[in-house]
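Text of upload-v4.tsv (TSV, N, CA and C atoms and all ligand atoms) as supplied:
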```
chain	number	residue	atom	x	y	z
A	2	MET	N	-4.92	18.15	-9.10
A	2	MET	CA	-5.58	17.41	-8.05
A	2	MET	C	-6.65	18.26	-7.38
A	3	ASN	N	-7.49	18.84	-8.20
A	3	ASN	CA	-8.52	19.67	-7.61
A	3	ASN	C	-9.84	18.93	-7.48
A	4	ASP	N	-9.76	17.62	-7.71
A	4	ASP	CA	-11.00	16.86	-7.68
A	4	ASP	C	-11.30	16.33	-6.28
A	5	ARG	N	-10.48	16.73	-5.31
A	5	ARG	CA	-10.77	16.23	-3.98
A	5	ARG	C	-11.89	17.05	-3.34
A	6	ARG	N	-12.79	16.32	-2.75
A	6	ARG	CA	-13.88	17.00	-2.05
A	6	ARG	C	-13.37	17.45	-0.71
A	7	SER	N	-13.91	18.51	-0.20
A	7	SER	CA	-13.60	18.82	1.19
A	7	SER	C	-14.72	18.20	2.00
A	8	ILE	N	-14.39	17.80	3.20
A	8	ILE	CA	-15.44	17.14	3.97
A	8	ILE	C	-15.93	18.08	5.07
A	9	SER	N	-17.15	17.89	5.42
A	9	SER	CA	-17.78	18.77	6.40
A	9	SER	C	-17.30	18.41	7.81
A	10	PRO	N	-17.48	19.33	8.75
A	10	PRO	CA	-17.12	19.01	10.14
A	10	PRO	C	-17.84	17.77	10.65
A	11	LEU	N	-19.06	17.58	10.20
A	11	LEU	CA	-19.82	16.41	10.64
A	11	LEU	C	-19.19	15.13	10.09
A	12	GLN	N	-18.79	15.19	8.81
A	12	GLN	CA	-18.14	14.02	8.22
A	12	GLN	C	-16.80	13.74	8.90
A	13	MET	N	-16.11	14.82	9.26
A	13	MET	CA	-14.85	14.66	9.97
A	13	MET	C	-15.09	13.95	11.30
A	14	ARG	N	-16.15	14.35	11.98
A	14	ARG	CA	-16.46	13.68	13.24
A	14	ARG	C	-16.75	12.20	13.00
A	15	GLY	N	-17.44	11.93	11.88
A	15	GLY	CA	-17.74	10.54	11.53
A	15	GLY	C	-16.47	9.74	11.31
A	16	LEU	N	-15.52	10.35	10.59
A	16	LEU	CA	-14.23	9.69	10.34
A	16	LEU	C	-13.53	9.39	11.66
A	17	LEU	N	-13.46	10.41	12.50
A	17	LEU	CA	-12.78	10.25	13.79
A	17	LEU	C	-13.45	9.16	14.62
A	18	HIS	N	-14.77	9.15	14.58
A	18	HIS	CA	-15.50	8.15	15.35
A	18	HIS	C	-15.17	6.76	14.83
A	19	ARG	N	-15.14	6.61	13.49
A	19	ARG	CA	-14.87	5.31	12.89
A	19	ARG	C	-13.52	4.76	13.35
A	20	GLN	N	-12.55	5.65	13.48
A	20	GLN	CA	-11.22	5.17	13.87
A	20	GLN	C	-10.95	5.41	15.35
A	21	LYS	N	-12.01	5.60	16.11
A	21	LYS	CA	-11.92	5.75	17.57
A	21	LYS	C	-10.94	6.85	17.98
A	22	ASN	N	-10.90	7.91	17.21
A	22	ASN	CA	-10.04	9.07	17.49
A	22	ASN	C	-8.54	8.76	17.49
A	23	ILE	N	-8.18	7.64	16.87
A	23	ILE	CA	-6.76	7.28	16.84
A	23	ILE	C	-6.19	7.67	15.48
A	24	CYS	N	-5.06	8.34	15.53
A	24	CYS	CA	-4.35	8.69	14.29
A	24	CYS	C	-3.67	7.42	13.77
A	25	PRO	N	-3.96	7.01	12.53
A	25	PRO	CA	-3.39	5.76	12.03
A	25	PRO	C	-1.89	5.85	11.80
A	26	ILE	N	-1.35	7.05	11.78
A	26	ILE	CA	0.08	7.19	11.50
A	26	ILE	C	0.90	7.04	12.78
A	27	CYS	N	0.52	7.76	13.83
A	27	CYS	CA	1.33	7.70	15.05
A	27	CYS	C	0.69	6.85	16.14
A	28	GLY	N	-0.57	6.48	15.94
A	28	GLY	CA	-1.24	5.65	16.93
A	28	GLY	C	-1.69	6.40	18.18
A	29	GLN	N	-1.52	7.71	18.17
A	29	GLN	CA	-1.93	8.51	19.32
A	29	GLN	C	-3.34	9.06	19.11
A	30	VAL	N	-3.94	9.49	20.21
A	30	VAL	CA	-5.29	10.03	20.15
A	30	VAL	C	-5.29	11.39	19.45
A	31	ILE	N	-6.30	11.60	18.64
A	31	ILE	CA	-6.52	12.92	18.05
A	31	ILE	C	-7.54	13.61	18.94
A	32	ASN	N	-7.13	14.64	19.60
A	32	ASN	CA	-7.97	15.30	20.58
A	32	ASN	C	-8.28	16.73	20.13
A	33	LEU	N	-9.45	16.88	19.55
A	33	LEU	CA	-9.83	18.19	19.01
A	33	LEU	C	-9.96	19.22	20.13
A	34	ALA	N	-10.44	18.75	21.29
A	34	ALA	CA	-10.62	19.65	22.42
A	34	ALA	C	-9.29	20.22	22.89
A	35	ARG	N	-8.23	19.44	22.70
A	35	ARG	CA	-6.89	19.87	23.09
A	35	ARG	C	-6.29	20.81	22.04
A	36	GLY	N	-7.00	20.89	20.89
A	36	GLY	CA	-6.53	21.79	19.83
A	36	GLY	C	-5.77	21.07	18.73
A	37	ASP	N	-5.82	19.73	18.73
A	37	ASP	CA	-5.17	19.00	17.64
A	37	ASP	C	-5.80	19.40	16.32
A	38	LYS	N	-4.96	19.57	15.33
A	38	LYS	CA	-5.46	19.86	13.99
A	38	LYS	C	-5.52	18.56	13.19
A	39	VAL	N	-6.55	18.45	12.39
A	39	VAL	CA	-6.79	17.20	11.67
A	39	VAL	C	-6.66	17.41	10.17
A	40	HIS	N	-6.04	16.45	9.53
A	40	HIS	CA	-6.02	16.40	8.07
A	40	HIS	C	-6.73	15.14	7.63
A	41	VAL	N	-7.34	15.20	6.46
A	41	VAL	CA	-7.89	13.99	5.87
A	41	VAL	C	-6.81	13.40	4.98
A	42	ASP	N	-6.50	12.15	5.21
A	42	ASP	CA	-5.50	11.48	4.38
A	42	ASP	C	-6.20	10.50	3.46
A	43	HIS	N	-5.78	10.48	2.21
A	43	HIS	CA	-6.23	9.44	1.29
A	43	HIS	C	-5.25	8.29	1.41
A	44	VAL	N	-5.72	7.17	1.89
A	44	VAL	CA	-4.85	6.03	2.16
A	44	VAL	C	-4.08	5.66	0.89
A	45	ILE	N	-4.82	5.45	-0.20
A	45	ILE	CA	-4.18	5.35	-1.51
A	45	ILE	C	-4.29	6.74	-2.12
A	46	PRO	N	-3.15	7.40	-2.36
A	46	PRO	CA	-3.22	8.79	-2.83
A	46	PRO	C	-4.04	8.92	-4.11
A	47	LEU	N	-4.73	10.04	-4.22
A	47	LEU	CA	-5.53	10.29	-5.43
A	47	LEU	C	-4.66	10.20	-6.67
A	48	ALA	N	-3.41	10.68	-6.54
A	48	ALA	CA	-2.50	10.69	-7.69
A	48	ALA	C	-2.12	9.27	-8.12
A	49	LEU	N	-2.35	8.30	-7.26
A	49	LEU	CA	-2.06	6.91	-7.62
A	49	LEU	C	-3.35	6.15	-7.91
A	50	GLY	N	-4.40	6.89	-8.14
A	50	GLY	CA	-5.65	6.24	-8.53
A	50	GLY	C	-6.55	5.92	-7.34
A	51	GLY	N	-6.17	6.37	-6.16
A	51	GLY	CA	-7.02	6.15	-5.00
A	51	GLY	C	-8.33	6.93	-5.16
A	52	ALA	N	-9.37	6.41	-4.59
A	52	ALA	CA	-10.68	7.03	-4.74
A	52	ALA	C	-10.88	8.13	-3.70
A	53	ASP	N	-11.65	9.12	-4.08
A	53	ASP	CA	-11.98	10.19	-3.14
A	53	ASP	C	-13.25	9.79	-2.40
A	54	THR	N	-13.17	8.67	-1.75
A	54	THR	CA	-14.35	8.13	-1.07
A	54	THR	C	-14.04	7.86	0.39
A	55	TRP	N	-15.08	7.67	1.11
A	55	TRP	CA	-15.05	7.38	2.53
A	55	TRP	C	-14.08	6.26	2.87
A	56	ASP	N	-14.14	5.19	2.06
A	56	ASP	CA	-13.32	4.01	2.34
A	56	ASP	C	-11.83	4.31	2.26
A	57	ASN	N	-11.49	5.32	1.48
A	57	ASN	CA	-10.07	5.62	1.24
A	57	ASN	C	-9.59	6.79	2.09
A	58	MET	N	-10.39	7.17	3.07
A	58	MET	CA	-10.01	8.34	3.87
A	58	MET	C	-9.75	7.95	5.32
A	59	THR	N	-8.77	8.61	5.89
A	59	THR	CA	-8.59	8.53	7.33
A	59	THR	C	-8.31	9.94	7.83
A	60	ALA	N	-8.62	10.17	9.08
A	60	ALA	CA	-8.27	11.43	9.70
A	60	ALA	C	-6.94	11.24	10.41
A	61	THR	N	-6.04	12.18	10.20
A	61	THR	CA	-4.72	12.09	10.84
A	61	THR	C	-4.39	13.43	11.48
A	62	HIS	N	-3.42	13.43	12.38
A	62	HIS	CA	-2.90	14.71	12.87
A	62	HIS	C	-2.35	15.47	11.67
A	63	ASP	N	-2.45	16.77	11.68
A	63	ASP	CA	-1.90	17.53	10.56
A	63	ASP	C	-0.40	17.29	10.42
A	64	HIS	N	0.31	17.26	11.57
A	64	HIS	CA	1.77	17.09	11.48
A	64	HIS	C	2.15	15.70	11.00
A	65	CYS	N	1.38	14.69	11.42
A	65	CYS	CA	1.67	13.32	10.94
A	65	CYS	C	1.47	13.25	9.43
A	66	HIS	N	0.41	13.87	8.97
A	66	HIS	CA	0.11	13.84	7.55
A	66	HIS	C	1.20	14.52	6.75
A	67	VAL	N	1.59	15.70	7.21
A	67	VAL	CA	2.55	16.50	6.45
A	67	VAL	C	3.96	15.93	6.55
A	68	GLU	N	4.33	15.46	7.76
A	68	GLU	CA	5.72	15.05	7.96
A	68	GLU	C	5.98	13.59	7.63
A	69	VAL	N	4.94	12.77	7.71
A	69	VAL	CA	5.17	11.33	7.51
A	69	VAL	C	4.54	10.82	6.23
A	70	LYS	N	3.23	11.00	6.11
A	70	LYS	CA	2.53	10.34	5.01
A	70	LYS	C	2.82	10.99	3.67
A	71	THR	N	2.73	12.33	3.64
A	71	THR	CA	2.91	13.01	2.35
A	71	THR	C	4.27	12.72	1.70
A	72	PRO	N	5.38	12.78	2.46
A	72	PRO	CA	6.66	12.44	1.84
A	72	PRO	C	6.69	11.01	1.28
A	73	LEU	N	6.08	10.08	2.00
A	73	LEU	CA	6.03	8.69	1.51
A	73	LEU	C	5.22	8.62	0.22
A	74	ASP	N	4.07	9.32	0.24
A	74	ASP	CA	3.22	9.33	-0.95
A	74	ASP	C	3.97	9.93	-2.14
A	75	ARG	N	4.71	11.00	-1.86
A	75	ARG	CA	5.46	11.66	-2.94
A	75	ARG	C	6.42	10.68	-3.59
A	76	LYS	N	7.10	9.89	-2.74
A	76	LYS	CA	8.03	8.89	-3.26
A	76	LYS	C	7.30	7.91	-4.17
A	77	ASP	N	6.16	7.40	-3.67
A	77	ASP	CA	5.40	6.42	-4.45
A	77	ASP	C	4.93	7.02	-5.77
A	78	ILE	N	4.48	8.27	-5.70
A	78	ILE	CA	3.97	8.93	-6.90
A	78	ILE	C	5.10	9.12	-7.90
A	79	ALA	N	6.28	9.55	-7.39
A	79	ALA	CA	7.42	9.75	-8.27
A	79	ALA	C	7.82	8.42	-8.93
A	80	ARG	N	7.79	7.34	-8.15
A	80	ARG	CA	8.15	6.03	-8.67
A	80	ARG	C	7.16	5.61	-9.77
A	81	ALA	N	5.87	5.82	-9.50
A	81	ALA	CA	4.85	5.45	-10.49
A	81	ALA	C	5.03	6.25	-11.77
A	82	LYS	N	5.38	7.53	-11.62
A	82	LYS	CA	5.58	8.36	-12.81
A	82	LYS	C	6.77	7.89	-13.63
A	83	ARG	N	7.86	7.54	-12.91
A	83	ARG	CA	9.05	7.04	-13.62
A	83	ARG	C	8.71	5.77	-14.40
A	84	LEU	N	7.95	4.90	-13.76
A	84	LEU	CA	7.58	3.65	-14.41
A	84	LEU	C	6.71	3.91	-15.65
A	85	ALA	N	5.74	4.82	-15.49
A	85	ALA	CA	4.86	5.16	-16.61
A	85	ALA	C	5.67	5.74	-17.77
A	86	LYS	N	6.68	6.55	-17.43
A	86	LYS	CA	7.52	7.16	-18.46
A	86	LYS	C	8.31	6.08	-19.19
A	87	LYS	N	8.90	5.18	-18.41
A	87	LYS	CA	9.66	4.08	-18.99
A	87	LYS	C	8.80	3.27	-19.94
A	88	MET	N	7.57	2.98	-19.51
A	88	MET	CA	6.68	2.16	-20.34
A	88	MET	C	6.31	2.88	-21.62
A	89	ALA	N	6.10	4.20	-21.50
A	89	ALA	CA	5.75	4.98	-22.69
A	89	ALA	C	6.93	5.01	-23.65
A	90	GLU	N	8.14	5.16	-23.12
A	90	GLU	CA	9.33	5.17	-23.98
A	90	GLU	C	9.51	3.83	-24.67
A	91	HIS	N	9.28	2.78	-23.92
A	91	HIS	CA	9.39	1.44	-24.48
A	91	HIS	C	8.38	1.27	-25.62
A	92	ALA	N	7.14	1.70	-25.38
A	92	ALA	CA	6.10	1.58	-26.39
A	92	ALA	C	6.49	2.36	-27.64
A	93	GLU	N	7.11	3.53	-27.43
A	93	GLU	CA	7.54	4.36	-28.56
A	93	GLU	C	8.61	3.65	-29.37
A	94	ARG	N	9.60	3.09	-28.66
A	94	ARG	CA	10.68	2.38	-29.35
A	94	ARG	C	10.13	1.21	-30.15
A	95	MET	N	9.22	0.47	-29.56
A	95	MET	CA	8.64	-0.68	-30.26
A	95	MET	C	7.86	-0.22	-31.49
A	96	ALA	N	7.14	0.88	-31.34
A	96	ALA	CA	6.36	1.40	-32.45
A	96	ALA	C	7.29	1.86	-33.57
A	97	ALA	N	8.43	2.48	-33.18
A	97	ALA	CA	9.40	2.96	-34.17
A	97	ALA	C	9.97	1.79	-34.95
A	98	LYS	N	10.13	0.67	-34.31
A	98	LYS	CA	10.64	-0.53	-34.99
A	98	LYS	C	9.53	-1.25	-35.76
A	99	GLY	N	8.34	-0.76	-35.62
A	99	GLY	CA	7.22	-1.40	-36.29
A	99	GLY	C	6.78	-2.68	-35.62
A	100	GLN	N	7.19	-2.84	-34.39
A	100	GLN	CA	6.79	-4.06	-33.70
A	100	GLN	C	5.58	-3.78	-32.82
A	101	PRO	N	4.68	-4.69	-32.85
A	101	PRO	CA	3.52	-4.51	-31.98
A	101	PRO	C	3.96	-4.67	-30.52
A	102	ILE	N	3.28	-3.97	-29.69
A	102	ILE	CA	3.58	-4.10	-28.26
A	102	ILE	C	2.86	-5.34	-27.77
A	103	THR	N	3.66	-6.31	-27.41
A	103	THR	CA	3.04	-7.55	-26.97
A	103	THR	C	3.03	-7.59	-25.46
A	104	GLU	N	2.14	-8.36	-25.00
A	104	GLU	CA	2.11	-8.53	-23.55
A	104	GLU	C	3.27	-9.39	-23.13
A	105	ALA	N	3.71	-9.18	-21.94
A	105	ALA	CA	4.82	-9.96	-21.43
A	105	ALA	C	4.42	-11.43	-21.39
A	106	LYS	N	5.38	-12.26	-21.76
A	106	LYS	CA	5.09	-13.70	-21.69
A	106	LYS	C	4.96	-14.09	-20.24
A	107	PRO	N	4.00	-14.95	-19.98
A	107	PRO	CA	3.89	-15.38	-18.58
A	107	PRO	C	5.17	-16.09	-18.18
A	108	ARG	N	5.60	-15.83	-16.99
A	108	ARG	CA	6.83	-16.45	-16.53
A	108	ARG	C	6.63	-17.93	-16.33
A	109	ARG	N	7.70	-18.65	-16.64
A	109	ARG	CA	7.64	-20.08	-16.43
A	109	ARG	C	7.47	-20.34	-14.94
A	110	LYS	N	6.59	-21.25	-14.68
A	110	LYS	CA	6.35	-21.54	-13.27
A	110	LYS	C	7.56	-22.23	-12.67
A	111	ILE	N	7.94	-21.77	-11.55
A	111	ILE	CA	9.06	-22.40	-10.86
A	111	ILE	C	8.58	-23.75	-10.33
A	112	ALA	N	9.36	-24.79	-10.67
A	112	ALA	CA	8.95	-26.12	-10.24
A	112	ALA	C	8.76	-26.13	-8.74
A	113	SER	N	7.62	-26.60	-8.33
A	113	SER	CA	7.40	-26.60	-6.89
A	113	SER	C	8.03	-27.84	-6.29
A	114	ARG	N	8.81	-27.60	-5.34
A	114	ARG	CA	9.57	-28.65	-4.70
A	114	ARG	C	9.39	-28.42	-3.22
A	115	ALA	N	9.23	-29.51	-2.53
A	115	ALA	CA	9.00	-29.37	-1.09
A	115	ALA	C	10.22	-28.76	-0.42
A	116	LEU	N	9.99	-27.87	0.47
A	116	LEU	CA	11.10	-27.31	1.26
A	116	LEU	C	11.63	-28.41	2.16
A	117	PRO	N	12.95	-28.49	2.30
A	117	PRO	CA	13.50	-29.52	3.17
A	117	PRO	C	12.95	-29.36	4.59
A	118	GLY	N	12.40	-30.42	5.10
A	118	GLY	CA	11.84	-30.38	6.44
A	118	GLY	C	10.47	-29.76	6.51
A	119	GLY	N	9.97	-29.26	5.36
A	119	GLY	CA	8.65	-28.63	5.32
A	119	GLY	C	7.55	-29.68	5.29
A	120	ARG	N	6.32	-29.23	5.24
A	120	ARG	CA	5.19	-30.14	5.26
A	120	ARG	C	5.17	-31.11	4.09
A	121	GLY	N	5.67	-30.62	2.95
A	121	GLY	CA	5.64	-31.45	1.75
A	121	GLY	C	6.77	-32.45	1.70
A	122	ASP	N	7.72	-32.32	2.57
A	122	ASP	CA	8.88	-33.20	2.56
A	122	ASP	C	8.49	-34.57	3.11
A	123	THR	N	9.18	-35.61	2.61
A	123	THR	CA	8.85	-36.95	3.08
A	123	THR	C	9.52	-37.23	4.42
A	124	LEU	N	10.50	-36.39	4.74
A	124	LEU	CA	11.15	-36.57	6.03
A	124	LEU	C	10.69	-35.48	6.97
A	125	LYS	N	10.60	-35.84	8.21
A	125	LYS	CA	10.25	-34.81	9.17
A	125	LYS	C	11.29	-34.78	10.27
A	126	LYS	N	11.68	-33.59	10.59
A	126	LYS	CA	12.71	-33.44	11.60
A	126	LYS	C	12.02	-33.07	12.91
A	127	LYS	N	12.30	-33.83	13.92
A	127	LYS	CA	11.66	-33.59	15.20
A	127	LYS	C	12.48	-32.59	16.00
A	128	LEU	N	11.86	-32.04	17.03
A	128	LEU	CA	12.54	-31.06	17.86
A	128	LEU	C	13.78	-31.64	18.52
A	129	THR	N	13.75	-32.96	18.72
A	129	THR	CA	14.90	-33.62	19.37
A	129	THR	C	16.08	-33.72	18.41
A	130	GLY	N	15.85	-33.41	17.13
A	130	GLY	CA	16.93	-33.48	16.16
A	130	GLY	C	16.88	-34.75	15.34
A	131	GLN	N	16.01	-35.70	15.76
A	131	GLN	CA	15.89	-36.94	15.00
A	131	GLN	C	15.08	-36.69	13.73
A	132	THR	N	15.37	-37.47	12.72
A	132	THR	CA	14.61	-37.39	11.50
A	132	THR	C	13.79	-38.66	11.37
A	133	GLU	N	12.56	-38.51	10.96
A	133	GLU	CA	11.77	-39.73	10.72
A	133	GLU	C	10.94	-39.55	9.46
A	134	ARG	N	10.55	-40.69	8.91
A	134	ARG	CA	9.78	-40.65	7.67
A	134	ARG	C	8.35	-40.19	7.99
A	135	ARG	N	7.87	-39.33	7.13
A	135	ARG	CA	6.53	-38.79	7.36
A	135	ARG	C	5.49	-39.70	6.72
A	136	GLY	N	4.32	-39.70	7.28
A	136	GLY	CA	3.19	-40.38	6.66
A	136	GLY	C	3.10	-41.85	7.04
A	137	PRO	N	2.19	-42.56	6.40
A	137	PRO	CA	1.90	-43.94	6.77
A	137	PRO	C	3.02	-44.91	6.37
B	1	ZN	ZN	-0.64	11.33	14.40
```
What does the file become when written as C-alpha cells?
Amino acid sequence: MNDRRSISPLQMRGLLHRQKNICPICGQVINLARGDKVHVDHVIPLALGGADTWDNMTATHDHCHVEVKTPLDRKDIARAKRLAKKMAEHAERMAAKGQPITEAKPRRKIASRALPGGRGDTLKKKLTGQTERRGP
C-alpha cells in the first residue's frame, strides 16, 4: 500500500475546511491550534479498491482513525480477502472437474404480494382499528 499520496498542509486545510473542521468519526471539532493531530482517512480503504482521491478522503483525529476506523477497515479487508480466497478455491475446484465457471443463475423473483395493510392491499386499516375497502 505504498501508492497513497501524502497530502500537503494546504490540502489538509482544504479537507478540514470542506468538513467544517468536524471529525466524521467522533463528530467533535478538530482543532489544530489546540494541538489536535490529524490523519487522512480513506473512506473506502485503498485495500478495498477505494480511490486515492479527494472524494475518498476525510480528515480525522489521529486517535479516532487509529482506534476506530482502522480496526473496522481491517475487519472489512479480512472479510474481502476470505471471500476472494473462497472464490478462487471454488474456481479451482470447478476447473479441476473440467467444468466451466458459470455465472450464478439469477435468483427467482419473489412474487410480489401486497403487505397486509400496506398501500398495495385492498383493505385499509384506520387508526381507529376499523378496516375499510380501499379505492373507488
Ligand atoms: Zn475524532
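When atom C of Ser7 (chain A) is paired with atom C of Asp74 (chain A), their separation reads 20.9 Å.
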What do you get as a compact mmCIF listing (two decimals) with N, CA and C atoms, keeping the file's coordinate frame if you pick all residues at most 6.5 Å from ligand ZN 1 (chain B), counting all atoms listed in the file?
```
# COMPACT_ATOMS: atom_id res chain seq x y z
N CYS A 24 -5.06 8.34 15.53
CA CYS A 24 -4.35 8.69 14.29
C CYS A 24 -3.67 7.42 13.77
N PRO A 25 -3.96 7.01 12.53
CA PRO A 25 -3.39 5.76 12.03
C PRO A 25 -1.89 5.85 11.80
N ILE A 26 -1.35 7.05 11.78
CA ILE A 26 0.08 7.19 11.50
C ILE A 26 0.90 7.04 12.78
N CYS A 27 0.52 7.76 13.83
CA CYS A 27 1.33 7.70 15.05
C CYS A 27 0.69 6.85 16.14
N GLY A 28 -0.57 6.48 15.94
CA GLY A 28 -1.24 5.65 16.93
C GLY A 28 -1.69 6.40 18.18
N GLN A 29 -1.52 7.71 18.17
CA GLN A 29 -1.93 8.51 19.32
C GLN A 29 -3.34 9.06 19.11
N THR A 61 -6.04 12.18 10.20
CA THR A 61 -4.72 12.09 10.84
C THR A 61 -4.39 13.43 11.48
N HIS A 62 -3.42 13.43 12.38
CA HIS A 62 -2.90 14.71 12.87
C HIS A 62 -2.35 15.47 11.67
N ASP A 63 -2.45 16.77 11.68
CA ASP A 63 -1.90 17.53 10.56
C ASP A 63 -0.40 17.29 10.42
N HIS A 64 0.31 17.26 11.57
CA HIS A 64 1.77 17.09 11.48
C HIS A 64 2.15 15.70 11.00
N CYS A 65 1.38 14.69 11.42
CA CYS A 65 1.67 13.32 10.94
C CYS A 65 1.47 13.25 9.43
N HIS A 66 0.41 13.87 8.97
CA HIS A 66 0.11 13.84 7.55
C HIS A 66 1.20 14.52 6.75
```
Next on the checklist: Write out as number ranges by chain the set of residues from chain A that DSSP, computed on the backbone, places in strand (DSSP E).
Outcome noted: A: 39-43, 58-62, 124-126, 132-134
Would you save the residues of that selection, restricted to N, CA and C atoms, as a short mmCIF file (atom, residue, chain, number, x, y, z; two decimals), keeping the file's coordinate frame?
```cif
data_model
loop_
_atom_site.label_atom_id
_atom_site.label_comp_id
_atom_site.auth_asym_id
_atom_site.auth_seq_id
_atom_site.Cartn_x
_atom_site.Cartn_y
_atom_site.Cartn_z
N VAL A 39 -6.55 18.45 12.39
CA VAL A 39 -6.79 17.20 11.67
C VAL A 39 -6.66 17.41 10.17
N HIS A 40 -6.04 16.45 9.53
CA HIS A 40 -6.02 16.40 8.07
C HIS A 40 -6.73 15.14 7.63
N VAL A 41 -7.34 15.20 6.46
CA VAL A 41 -7.89 13.99 5.87
C VAL A 41 -6.81 13.40 4.98
N ASP A 42 -6.50 12.15 5.21
CA ASP A 42 -5.50 11.48 4.38
C ASP A 42 -6.20 10.50 3.46
N HIS A 43 -5.78 10.48 2.21
CA HIS A 43 -6.23 9.44 1.29
C HIS A 43 -5.25 8.29 1.41
N MET A 58 -10.39 7.17 3.07
CA MET A 58 -10.01 8.34 3.87
C MET A 58 -9.75 7.95 5.32
N THR A 59 -8.77 8.61 5.89
CA THR A 59 -8.59 8.53 7.33
C THR A 59 -8.31 9.94 7.83
N ALA A 60 -8.62 10.17 9.08
CA ALA A 60 -8.27 11.43 9.70
C ALA A 60 -6.94 11.24 10.41
N THR A 61 -6.04 12.18 10.20
CA THR A 61 -4.72 12.09 10.84
C THR A 61 -4.39 13.43 11.48
N HIS A 62 -3.42 13.43 12.38
CA HIS A 62 -2.90 14.71 12.87
C HIS A 62 -2.35 15.47 11.67
N LEU A 124 10.50 -36.39 4.74
CA LEU A 124 11.15 -36.57 6.03
C LEU A 124 10.69 -35.48 6.97
N LYS A 125 10.60 -35.84 8.21
CA LYS A 125 10.25 -34.81 9.17
C LYS A 125 11.29 -34.78 10.27
N LYS A 126 11.68 -33.59 10.59
CA LYS A 126 12.71 -33.44 11.60
C LYS A 126 12.02 -33.07 12.91
N THR A 132 15.37 -37.47 12.72
CA THR A 132 14.61 -37.39 11.50
C THR A 132 13.79 -38.66 11.37
N GLU A 133 12.56 -38.51 10.96
CA GLU A 133 11.77 -39.73 10.72
C GLU A 133 10.94 -39.55 9.46
N ARG A 134 10.55 -40.69 8.91
CA ARG A 134 9.78 -40.65 7.67
C ARG A 134 8.35 -40.19 7.99
#
```
Next on the checklist: Report, in Å with one decimal, the straight-line distance from atom C of Gly50 (chain A) to CA of Arg83 (chain A).
Outcome noted: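 A separation of 16.9 Å between them.
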Checklist entry - At what distance in Å, to one decimal, does atom N of Lys86 (chain A) lie from CA of Glu68 (chain A)? => result 26.8 Å
Item to check | Nearest to Thr123 (chain A), chosen from A:Ala81, A:Ile31, A:Asp37, A:Gly136, with only N, CA and C atoms counted in the distances | outcome: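 Using only N, CA and C atoms, the shortest distance to Thr123 (chain A) belongs to A:Gly136.
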Checklist entry - Which residues come within 8 Å of Arg135 (chain A), counting only N, CA and C atoms, excluding same-chain residues fewer than 6 positions away, as a PyMOL selection string? => result chain A and resi 122-126
Where's the centre, and what are the edge lengths in Å to one decimal, of a box along x, y and z enclosing all listed atoms of region 73-77 of chain A padded 3 Å per side, as lines of an AutoDock Vina configuration file?
```
center_x = 5.6
center_y = 9.0
center_z = -1.9
size_x = 10.8
size_y = 11.2
size_z = 13.8
```
Checklist entry - Using the chain letters and numbers from this document, which residues of region 31-133 of chain A does DSSP assign to helix (DSSP H, G or I), as an MDAnalysis selection string? => result chainID A and resid 33:35 47:49 55:57 63:97
Checklist entry - Taking into account all atoms listed in the file, which residue in the set A:Ile8, A:Leu47, A:Val39, A:Ala60 is nearest to Gln20 (chain A)? => result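 Closest to Gln20 (chain A) of all the choices is A:Ala60.
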Item to check | Pick from A:Leu84, A:Met13, A:Ala105, A:Ala92, whichever lies nearest to Thr59 (chain A) using only C-alpha atoms | outcome: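 For Thr59 (chain A), the nearest of the candidates is A:Met13.
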Next on the checklist: Given only C-alpha atoms as the basis, pick out the residue of A:Leu17, A:Ile45, A:Val67, A:Met95 nearest to Asn32 (chain A).
Outcome noted: A:Leu17
